[in-house]
file input-v5.txt (compact mmCIF, C-alpha atoms)
# COMPACT_ATOMS: atom_id res chain seq x y z
CA MET A 1 27.27 -4.84 5.31
CA SER A 2 27.00 -1.40 3.75
CA LEU A 3 25.48 -0.11 0.52
CA ARG A 4 28.91 -0.19 -1.19
CA ASP A 5 28.97 -4.00 -0.88
CA LEU A 6 25.97 -4.26 -3.23
CA ALA A 7 26.00 -4.50 -7.04
CA VAL A 8 23.37 -3.55 -9.61
CA GLY A 9 21.50 -6.63 -10.84
CA GLU A 10 22.41 -8.69 -7.78
CA THR A 11 19.64 -10.67 -6.06
CA VAL A 12 19.77 -9.53 -2.45
CA PHE A 13 17.02 -11.59 -0.86
CA THR A 14 14.14 -13.96 -1.34
CA ALA A 15 11.33 -14.34 1.18
CA SER A 16 8.21 -16.45 1.39
CA TYR A 17 5.13 -15.81 3.53
CA PRO A 18 2.16 -18.11 4.08
CA VAL A 19 -1.19 -16.26 3.90
CA THR A 20 -4.38 -17.63 5.45
CA ARG A 21 -7.93 -16.31 5.79
CA ALA A 22 -7.18 -15.63 9.48
CA ASP A 23 -4.31 -13.33 8.41
CA LEU A 24 -6.76 -11.35 6.27
CA VAL A 25 -9.19 -11.01 9.19
CA ALA A 26 -6.34 -9.68 11.37
CA TYR A 27 -5.29 -7.27 8.62
CA ALA A 28 -8.88 -6.06 8.10
CA ASP A 29 -9.12 -5.29 11.83
CA ALA A 30 -5.74 -3.53 11.85
CA SER A 31 -6.28 -1.47 8.69
CA GLY A 32 -10.01 -0.77 8.88
CA ASP A 33 -10.52 -2.22 5.37
CA HIS A 34 -13.48 -4.54 5.91
CA ASN A 35 -14.40 -5.05 2.25
CA PRO A 36 -16.12 -8.48 2.27
CA ILE A 37 -14.24 -9.69 -0.84
CA HIS A 38 -11.30 -10.20 1.57
CA GLN A 39 -13.34 -12.33 4.00
CA ASP A 40 -16.33 -13.91 2.38
CA GLU A 41 -16.33 -16.32 -0.57
CA ALA A 42 -19.88 -15.43 -1.65
CA ALA A 43 -19.04 -11.70 -1.70
CA ALA A 44 -15.85 -12.36 -3.68
CA LYS A 45 -17.69 -14.46 -6.27
CA ALA A 46 -20.46 -11.87 -6.54
CA ALA A 47 -17.72 -9.36 -7.45
CA GLY A 48 -16.52 -11.64 -10.26
CA LEU A 49 -13.52 -13.06 -8.38
CA PRO A 50 -12.67 -16.80 -8.23
CA ASP A 51 -12.37 -16.79 -4.42
CA VAL A 52 -11.46 -14.58 -1.47
CA ILE A 53 -8.51 -12.30 -2.33
CA ALA A 54 -5.95 -10.65 -0.07
CA HIS A 55 -6.05 -6.87 0.36
CA GLY A 56 -3.52 -5.43 -2.10
CA MET A 57 -2.18 -3.38 0.80
CA TYR A 58 -1.69 -6.57 2.83
CA THR A 59 0.55 -7.98 0.10
CA MET A 60 2.39 -4.67 -0.14
CA GLY A 61 2.76 -4.76 3.65
CA LEU A 62 4.39 -8.20 3.45
CA VAL A 63 6.84 -6.80 0.90
CA SER A 64 7.69 -3.93 3.27
CA ARG A 65 8.38 -6.58 5.92
CA ALA A 66 10.69 -8.49 3.56
CA VAL A 67 12.65 -5.29 2.77
CA LEU A 68 12.95 -4.22 6.42
CA GLU A 69 13.96 -7.74 7.53
CA TRP A 70 16.65 -7.86 4.85
CA ALA A 71 18.05 -4.47 5.91
CA ALA A 72 18.03 -5.48 9.59
CA ASP A 73 19.54 -8.94 8.97
CA SER A 74 22.32 -7.62 6.76
CA GLY A 75 23.16 -4.79 9.17
CA ILE A 76 22.44 -2.06 6.62
CA ASP A 77 21.80 1.15 8.53
CA ALA A 78 19.32 2.67 6.11
CA ARG A 79 15.84 4.13 6.14
CA LEU A 80 13.02 3.36 3.68
CA THR A 81 12.42 6.57 1.72
CA ASP A 82 10.26 5.45 -1.20
CA PHE A 83 8.01 2.43 -1.69
CA SER A 84 5.68 1.72 -4.61
CA ALA A 85 3.66 -1.05 -6.22
CA ARG A 86 1.12 -1.71 -8.91
CA PHE A 87 -1.58 -4.26 -8.04
CA ALA A 88 -1.34 -6.39 -11.17
CA LYS A 89 -3.18 -9.59 -10.16
CA PRO A 90 -5.07 -10.61 -7.02
CA VAL A 91 -3.60 -12.94 -4.38
CA ILE A 92 -6.22 -15.68 -4.16
CA VAL A 93 -6.57 -17.15 -0.65
CA PRO A 94 -8.48 -20.46 -0.52
CA ALA A 95 -10.14 -21.44 2.78
CA ALA A 96 -8.19 -24.69 2.95
CA GLY A 97 -4.45 -24.20 3.33
CA GLY A 98 -4.31 -20.58 2.20
CA THR A 99 -1.55 -19.58 -0.19
CA THR A 100 2.00 -18.23 -0.26
CA VAL A 101 3.44 -14.87 -1.31
CA GLU A 102 7.01 -15.04 -2.63
CA VAL A 103 9.28 -12.00 -2.85
CA GLU A 104 12.57 -11.76 -4.72
CA ALA A 105 14.55 -8.50 -4.64
CA LYS A 106 17.26 -7.30 -6.98
CA VAL A 107 19.32 -4.13 -6.92
CA ARG A 108 17.93 -1.81 -9.61
CA ASN A 109 19.89 1.35 -8.86
CA LEU A 110 22.71 2.16 -6.53
CA ASP A 111 24.71 5.18 -5.48
CA GLU A 112 26.81 6.11 -2.45
CA HIS A 113 23.81 7.05 -0.33
CA SER A 114 20.92 4.89 -1.48
CA VAL A 115 19.81 1.66 -3.08
CA GLU A 116 16.68 1.03 -5.12
CA LEU A 117 15.37 -2.54 -5.05
CA ALA A 118 13.06 -4.04 -7.68
CA MET A 119 10.92 -6.81 -6.24
CA THR A 120 9.28 -9.67 -8.09
CA VAL A 121 6.22 -10.64 -6.05
CA THR A 122 4.36 -13.81 -6.98
CA SER A 123 1.59 -16.03 -5.64
CA ALA A 124 0.43 -19.30 -7.21
CA GLY A 125 2.82 -18.62 -10.11
CA GLU A 126 1.33 -15.20 -10.98
CA LYS A 127 3.06 -11.83 -10.64
CA VAL A 128 0.76 -10.08 -8.19
CA LEU A 129 2.64 -6.80 -7.75
CA ALA A 130 4.36 -5.50 -10.87
CA PRO A 131 6.33 -3.39 -10.58
CA ALA A 132 7.20 -3.14 -6.88
CA ARG A 133 10.09 -0.93 -5.81
CA ALA A 134 11.70 0.25 -2.61
CA THR A 135 14.43 2.83 -2.02
CA LEU A 136 16.53 2.84 1.13
CA ALA A 137 18.81 5.73 2.02
CA ALA A 138 21.79 5.46 4.34
CA LYS A 139 21.12 7.09 7.71
CA MET B 140 -17.55 9.01 -15.34
CA LEU B 141 -15.81 11.22 -12.85
CA ASN B 142 -16.07 14.97 -13.05
CA ALA B 143 -12.75 15.94 -14.68
CA SER B 144 -13.10 19.56 -13.57
CA TYR B 145 -12.02 18.36 -10.11
CA VAL B 146 -8.41 17.83 -11.25
CA GLY B 147 -6.15 20.12 -9.24
CA ARG B 148 -8.71 20.55 -6.49
CA SER B 149 -7.76 19.91 -2.87
CA LEU B 150 -10.01 18.65 -0.12
CA PRO B 151 -10.00 20.50 3.19
CA THR B 152 -7.13 19.24 5.36
CA THR B 153 -8.35 16.73 7.93
CA GLU B 154 -8.24 17.51 11.64
CA PRO B 155 -5.05 16.11 13.26
CA VAL B 156 -5.44 12.60 14.64
CA THR B 157 -2.99 10.91 16.97
CA ILE B 158 -1.49 7.67 15.69
CA THR B 159 -2.05 5.54 18.78
CA ALA B 160 0.46 2.99 20.04
CA ALA B 161 -2.30 0.35 20.06
CA SER B 162 -3.11 0.91 16.38
CA VAL B 163 0.58 0.72 15.45
CA THR B 164 0.97 -2.52 17.43
CA ARG B 165 -2.10 -4.05 15.76
CA PHE B 166 -0.88 -3.08 12.29
CA ALA B 167 2.68 -4.31 12.90
CA GLN B 168 1.42 -7.62 14.30
CA ALA B 169 -0.95 -8.17 11.35
CA LEU B 170 2.05 -7.97 9.01
CA GLY B 171 4.62 -9.71 11.23
CA LEU B 172 6.66 -6.51 11.62
CA PRO B 173 8.59 -5.72 14.80
CA ASP B 174 6.39 -3.88 17.29
CA ASP B 175 8.85 -1.11 18.16
CA GLY B 176 6.68 2.00 17.96
CA THR B 177 7.74 2.81 14.39
CA VAL B 178 4.75 3.50 12.16
CA PRO B 179 4.81 0.65 9.58
CA PRO B 180 5.50 1.79 5.98
CA THR B 181 2.02 1.00 4.69
CA TYR B 182 0.13 2.16 7.82
CA LEU B 183 -0.52 5.59 6.32
CA ILE B 184 -3.05 4.17 3.84
CA SER B 185 -5.42 3.65 6.78
CA LEU B 186 -5.42 7.46 7.19
CA THR B 187 -5.17 8.67 3.60
CA LEU B 188 -7.91 6.53 2.03
CA PRO B 189 -10.55 7.52 4.61
CA ALA B 190 -9.48 11.15 4.02
CA ALA B 191 -10.29 10.70 0.32
CA GLU B 192 -13.56 8.88 0.94
CA ARG B 193 -15.20 12.25 1.49
CA LEU B 194 -15.31 12.41 -2.32
CA ILE B 195 -17.96 9.69 -2.24
CA ASP B 196 -20.31 12.05 -0.43
CA ASP B 197 -19.96 14.63 -3.21
CA PRO B 198 -22.73 13.96 -5.77
CA ASP B 199 -21.05 16.30 -8.30
CA PHE B 200 -17.93 14.15 -8.42
CA GLY B 201 -19.59 10.84 -9.34
CA LEU B 202 -17.40 8.39 -7.42
CA ASP B 203 -19.12 5.05 -6.70
CA TRP B 204 -16.91 3.22 -4.18
CA SER B 205 -18.39 -0.18 -5.10
CA ARG B 206 -16.74 0.11 -8.55
CA VAL B 207 -13.29 1.05 -7.23
CA LEU B 208 -10.16 -1.11 -7.38
CA HIS B 209 -6.78 -0.12 -6.01
CA ARG B 210 -4.35 0.04 -8.93
CA ASP B 211 -1.15 1.80 -7.85
CA GLN B 212 0.32 2.85 -4.55
CA ARG B 213 3.39 4.88 -3.73
CA PHE B 214 4.75 6.31 -0.50
CA ALA B 215 7.59 8.80 -0.04
CA TYR B 216 8.82 9.02 3.54
CA HIS B 217 10.54 12.30 4.43
CA ARG B 218 10.93 11.58 8.13
CA GLU B 219 10.36 8.66 10.45
CA LEU B 220 6.93 8.71 12.10
CA ARG B 221 6.47 7.11 15.50
CA ALA B 222 3.39 6.16 17.49
CA GLY B 223 2.06 9.22 19.27
CA ALA B 224 2.52 11.54 16.27
CA ALA B 225 -0.48 13.75 15.48
CA VAL B 226 -1.00 13.95 11.72
CA SER B 227 -3.42 15.50 9.26
CA CYS B 228 -4.05 14.62 5.62
CA ALA B 229 -4.28 17.05 2.71
CA VAL B 230 -5.70 15.26 -0.35
CA THR B 231 -5.36 16.67 -3.88
CA ILE B 232 -7.03 15.22 -6.97
CA GLU B 233 -3.97 15.00 -9.19
CA SER B 234 -5.31 13.35 -12.34
CA ILE B 235 -8.33 11.75 -13.95
CA LYS B 236 -7.77 9.66 -17.07
CA THR B 237 -10.53 7.86 -18.93
CA VAL B 238 -9.72 4.62 -20.72
CA ALA B 239 -12.55 2.78 -22.51
CA GLY B 240 -15.15 4.31 -20.20
CA ASN B 241 -13.22 3.40 -17.06
CA ASP B 242 -11.58 6.13 -14.99
CA LEU B 243 -8.15 6.23 -13.39
CA LEU B 244 -8.24 8.60 -10.43
CA GLY B 245 -4.87 9.80 -9.17
CA LEU B 246 -4.78 11.18 -5.62
CA HIS B 247 -1.87 12.79 -3.82
CA THR B 248 -1.92 13.23 -0.06
CA ASP B 249 0.47 15.19 2.12
CA VAL B 250 0.66 13.66 5.59
CA ARG B 251 1.70 16.48 7.93
CA ASP B 252 2.76 16.49 11.52
CA GLY B 253 3.68 19.50 13.66
CA ASP B 254 6.95 19.92 11.72
CA GLY B 255 5.46 19.90 8.22
CA VAL B 256 5.11 17.19 5.53
CA ALA B 257 6.36 13.90 6.97
CA ALA B 258 5.23 11.68 4.10
CA GLU B 259 3.56 11.86 0.72
CA VAL B 260 1.15 9.20 -0.49
CA TRP B 261 0.05 8.66 -4.09
CA THR B 262 -2.89 6.37 -4.79
CA THR B 263 -4.33 5.50 -8.19
CA LEU B 264 -7.83 4.07 -8.15
CA PHE B 265 -9.37 2.25 -11.09
CA VAL B 266 -13.05 3.16 -11.29
CA ALA B 267 -14.91 0.71 -13.52
CA ALA B 268 -17.46 2.04 -16.00
CA PRO B 269 -21.05 1.81 -14.70
CA GLY B 270 -22.50 -1.58 -15.61
CA ALA B 271 -19.07 -3.27 -15.91
CA ALA B 272 -18.02 -5.75 -13.23
CA ALA B 273 -15.43 -4.09 -10.96

call {"tool": "encode", "arguments": {"input": "input-v5.txt", "output": "structure tokens"}}
result
Amino acid sequence: MSLRDLAVGETVFTASYPVTRADLVAYADASGDHNPIHQDEAAAKAAGLPDVIAHGMYTMGLVSRAVLEWAADSGIDARLTDFSARFAKPVIVPAAGGTTVEVEAKVRNLDEHSVELAMTVTSAGEKVLAPARATLAAK
Amino acid sequence: MLNASYVGRSLPTTEPVTITAASVTRFAQALGLPDDGTVPPTYLISLTLPAAERLIDDPDFGLDWSRVLHRDQRFAYHRELRAGAAVSCAVTIESIKTVAGNDLLGLHTDVRDGDGVAAEVWTTLFVAAPGAAA
């Protein structure tokens, strides 16, 4: 597939990722962000949150994965050039069973050399990143 | 409230640090990304936020990290970065906006390697008013 096969407004992928407390521990170790609201229920509640929440950058990282997997799976030879998100709502991660982050991507802008995707990112029915956008440019 | 006279000011550029293969592997694995030596798109935050944390040590600026929430994040990638790259961060305080006693602090960081600016990182932090729950 190449960029010229895409159309503005088209949904290009959906992805779904389970998120557990263990994933947040691994991300804290990898990123160096050890804020206890991402690990410890008591710390989260003391900060006014309902439960442990995922790092916003963890959720954004999952979205980067969804975009890169889509590009690789569809054979699009393009490089990520711009990537942005607003952290609109927290991703709440209960101890039992965790949660899920869902990503749906549509083509927002398109030209010969690049595509801009607009992602809808939800967890437990809430939009957690809004907006979230990624631009890929043909190599 | 943050000291608005800091808008436009730049922090001293950090000393170059090498992005190790082990740290790239750990970050890629934590997100389920392929571990191929490419620096993951969001990896740079683990360099740029610590570079900005020096503002906490500045009593004239008034930044209390315990009242900070991450509000917006943007990356522009000018070149691919791979494990082994040595990069430094140049942080500029781009904007401070006050809304109902809360501050929005806009930071812009140039991530440079030996060939110049490889990526730019914009971070907006929401700094809750003192006394308000963050």

call {"tool": "closest_atom_pairs", "arguments": {"input": "input-v5.txt", "of": "chain B", "to": "chain A", "cutoff": "7 Å", "atoms": "all atoms listed in the file", "output": "CSV"}}
result
residue,atom,partner,partner_atom,distance
B:Ser162,CA,A:Ala30,CA,6.9
B:Arg165,CA,A:Ala30,CA,5.4
B:Phe166,CA,A:Ala30,CA,4.9
B:Ala169,CA,A:Tyr27,CA,5.2
B:Leu170,CA,A:Leu62,CA,6.0
B:Leu172,CA,A:Arg65,CA,6.0
B:Pro180,CA,A:Ser64,CA,6.7
B:Thr181,CA,A:Gly61,CA,5.9
B:Ser185,CA,A:Ser31,CA,5.5
B:His209,CA,A:Phe87,CA,6.9
B:Arg210,CA,A:Phe87,CA,5.2
B:Asp211,CA,A:Arg86,CA,4.3
B:Gln212,CA,A:Ala85,CA,5.4
B:Arg213,CA,A:Ser84,CA,4.0
B:Phe214,CA,A:Phe83,CA,5.2
B:Ala215,CA,A:Asp82,CA,4.4
B:Tyr216,CA,A:Thr81,CA,4.7
B:His217,CA,A:Thr81,CA,6.6
B:Ala272,CA,A:Gly48,CA,6.8
B:Ala273,CA,A:Ala47,CA,6.7

call {"tool": "residues_around", "arguments": {"input": "input-v5.txt", "residues": "His38 of chain A", "least_positions_apart": "5", "cutoff": "6 Å", "atoms": "all atoms listed in the file", "output": "number ranges by chain"}}
result
A: 52-54

call {"tool": "residues_around", "arguments": {"input": "input-v5.txt", "residues": "Gly9 of chain A", "least_positions_apart": "5", "cutoff": "12 Å", "atoms": "all atoms listed in the file", "output": "compact mmCIF listing (two decimals) with C-alpha atoms, keeping the file's coordinate frame"}}
result
# COMPACT_ATOMS: atom_id res chain seq x y z
CA GLU A 104 12.57 -11.76 -4.72
CA ALA A 105 14.55 -8.50 -4.64
CA LYS A 106 17.26 -7.30 -6.98
CA VAL A 107 19.32 -4.13 -6.92
CA ARG A 108 17.93 -1.81 -9.61
CA ASN A 109 19.89 1.35 -8.86
CA LEU A 110 22.71 2.16 -6.53
CA VAL A 115 19.81 1.66 -3.08
CA GLU A 116 16.68 1.03 -5.12
CA LEU A 117 15.37 -2.54 -5.05
CA ALA A 118 13.06 -4.04 -7.68
CA MET A 119 10.92 -6.81 -6.24

call {"tool": "atom_distance", "arguments": {"input": "input-v5.txt", "atom1": "atom CA of Ala138 of chain A", "atom2": "atom CA of Ser114 of chain A"}}
result
5.9 Å

call {"tool": "residues_near_point", "arguments": {"input": "input-v5.txt", "point": "(24.6, -4.7, -1.1)", "cutoff": "9 Å", "atoms": "all atoms listed in the file", "output": "list in words"}}
result
Met1, Ser2, Leu3, Arg4, Asp5, Leu6, Ala7, Val8, Glu10, Val12, Ser74, Ile76, Val107, Leu110 and Val115 of chain A

call {"tool": "residues_around", "arguments": {"input": "input-v5.txt", "residues": "segment 225-239 of chain B", "least_positions_apart": "5", "cutoff": "7 Å", "atoms": "all atoms listed in the file", "output": "list in words"}}
result
Ala143, Tyr145, Val146, Gly147, Arg148, Ser149, Leu150, Pro151, Thr152, Thr153, Glu154, Pro155, Val156, Thr157, Ile158, Thr187, Ala190, Ala191, Leu244, Gly245, Leu246, His247, Thr248, Asp249, Val250, Arg251 and Asp252 of chain B

call {"tool": "write_last_selection", "arguments": {"input": "input-v5.txt", "atoms": "C-alpha atoms", "output": "compact mmCIF listing (two decimals), in the coordinates of the input"}}
result
# COMPACT_ATOMS: atom_id res chain seq x y z
CA ALA B 143 -12.75 15.94 -14.68
CA TYR B 145 -12.02 18.36 -10.11
CA VAL B 146 -8.41 17.83 -11.25
CA GLY B 147 -6.15 20.12 -9.24
CA ARG B 148 -8.71 20.55 -6.49
CA SER B 149 -7.76 19.91 -2.87
CA LEU B 150 -10.01 18.65 -0.12
CA PRO B 151 -10.00 20.50 3.19
CA THR B 152 -7.13 19.24 5.36
CA THR B 153 -8.35 16.73 7.93
CA GLU B 154 -8.24 17.51 11.64
CA PRO B 155 -5.05 16.11 13.26
CA VAL B 156 -5.44 12.60 14.64
CA THR B 157 -2.99 10.91 16.97
CA ILE B 158 -1.49 7.67 15.69
CA THR B 187 -5.17 8.67 3.60
CA ALA B 190 -9.48 11.15 4.02
CA ALA B 191 -10.29 10.70 0.32
CA LEU B 244 -8.24 8.60 -10.43
CA GLY B 245 -4.87 9.80 -9.17
CA LEU B 246 -4.78 11.18 -5.62
CA HIS B 247 -1.87 12.79 -3.82
CA THR B 248 -1.92 13.23 -0.06
CA ASP B 249 0.47 15.19 2.12
CA VAL B 250 0.66 13.66 5.59
CA ARG B 251 1.70 16.48 7.93
CA ASP B 252 2.76 16.49 11.52

call {"tool": "residues_around", "arguments": {"input": "input-v5.txt", "residues": "Ala268 of chain B", "least_positions_apart": "3", "cutoff": "12 Å", "atoms": "all atoms listed in the file", "output": "list in words"}}
result
Met140, Leu141, Gly201, Leu202, Asp203, Trp204, Ser205, Arg206, Val207, Leu208, Thr237, Val238, Ala239, Gly240, Asn241, Asp242, Leu243, Phe265, Ala271, Ala272 and Ala273 of chain B

call {"tool": "axis_aligned_box", "arguments": {"input": "input-v5.txt", "around": "segment 172-181 of chain B", "padding_each_side": "8 Å", "output": "lines of an AutoDock Vina configuration file"}}
result
center_x = 5.4
center_y = -1.5
center_z = 11.4
size_x = 22.8
size_y = 26.0
size_z = 29.5

call {"tool": "atom_distance", "arguments": {"input": "input-v5.txt", "atom1": "atom CA of Thr122 of chain A", "atom2": "atom CA of Val101 of chain A"}}
result
5.8 Å

call {"tool": "closest_residue", "arguments": {"input": "input-v5.txt", "among": "A:Ala44, A:Leu136, A:Ala124, A:Ile37", "to": "Thr99 of chain A", "atoms": "only C-alpha atoms"}}
result
A:Ala124

call {"tool": "atom_distance", "arguments": {"input": "input-v5.txt", "atom1": "atom CA of Leu220 of chain B", "atom2": "atom CA of Pro179 of chain B"}}
result
8.7 Å

call {"tool": "closest_residue", "arguments": {"input": "input-v5.txt", "among": "B:Pro269, B:Pro189, B:Gly171, B:Gly255", "to": "Ala224 of chain B", "atoms": "all atoms listed in the file"}}
result
B:Gly255

call {"tool": "residues_around", "arguments": {"input": "input-v5.txt", "residues": "Pro18 of chain A", "least_positions_apart": "2", "cutoff": "10 Å", "atoms": "only C-alpha atoms", "output": "list of chain:residue names"}}
result
A:Ser16, A:Thr20, A:Asp23, A:Val93, A:Gly97, A:Gly98, A:Thr99, A:Thr100, A:Val101, A:Glu102, A:Ser123

call {"tool": "closest_residue", "arguments": {"input": "input-v5.txt", "among": "B:Thr263, B:Glu219, B:Tyr182, B:Glu192", "to": "Ala167 of chain B", "atoms": "all atoms listed in the file"}}
result
B:Tyr182
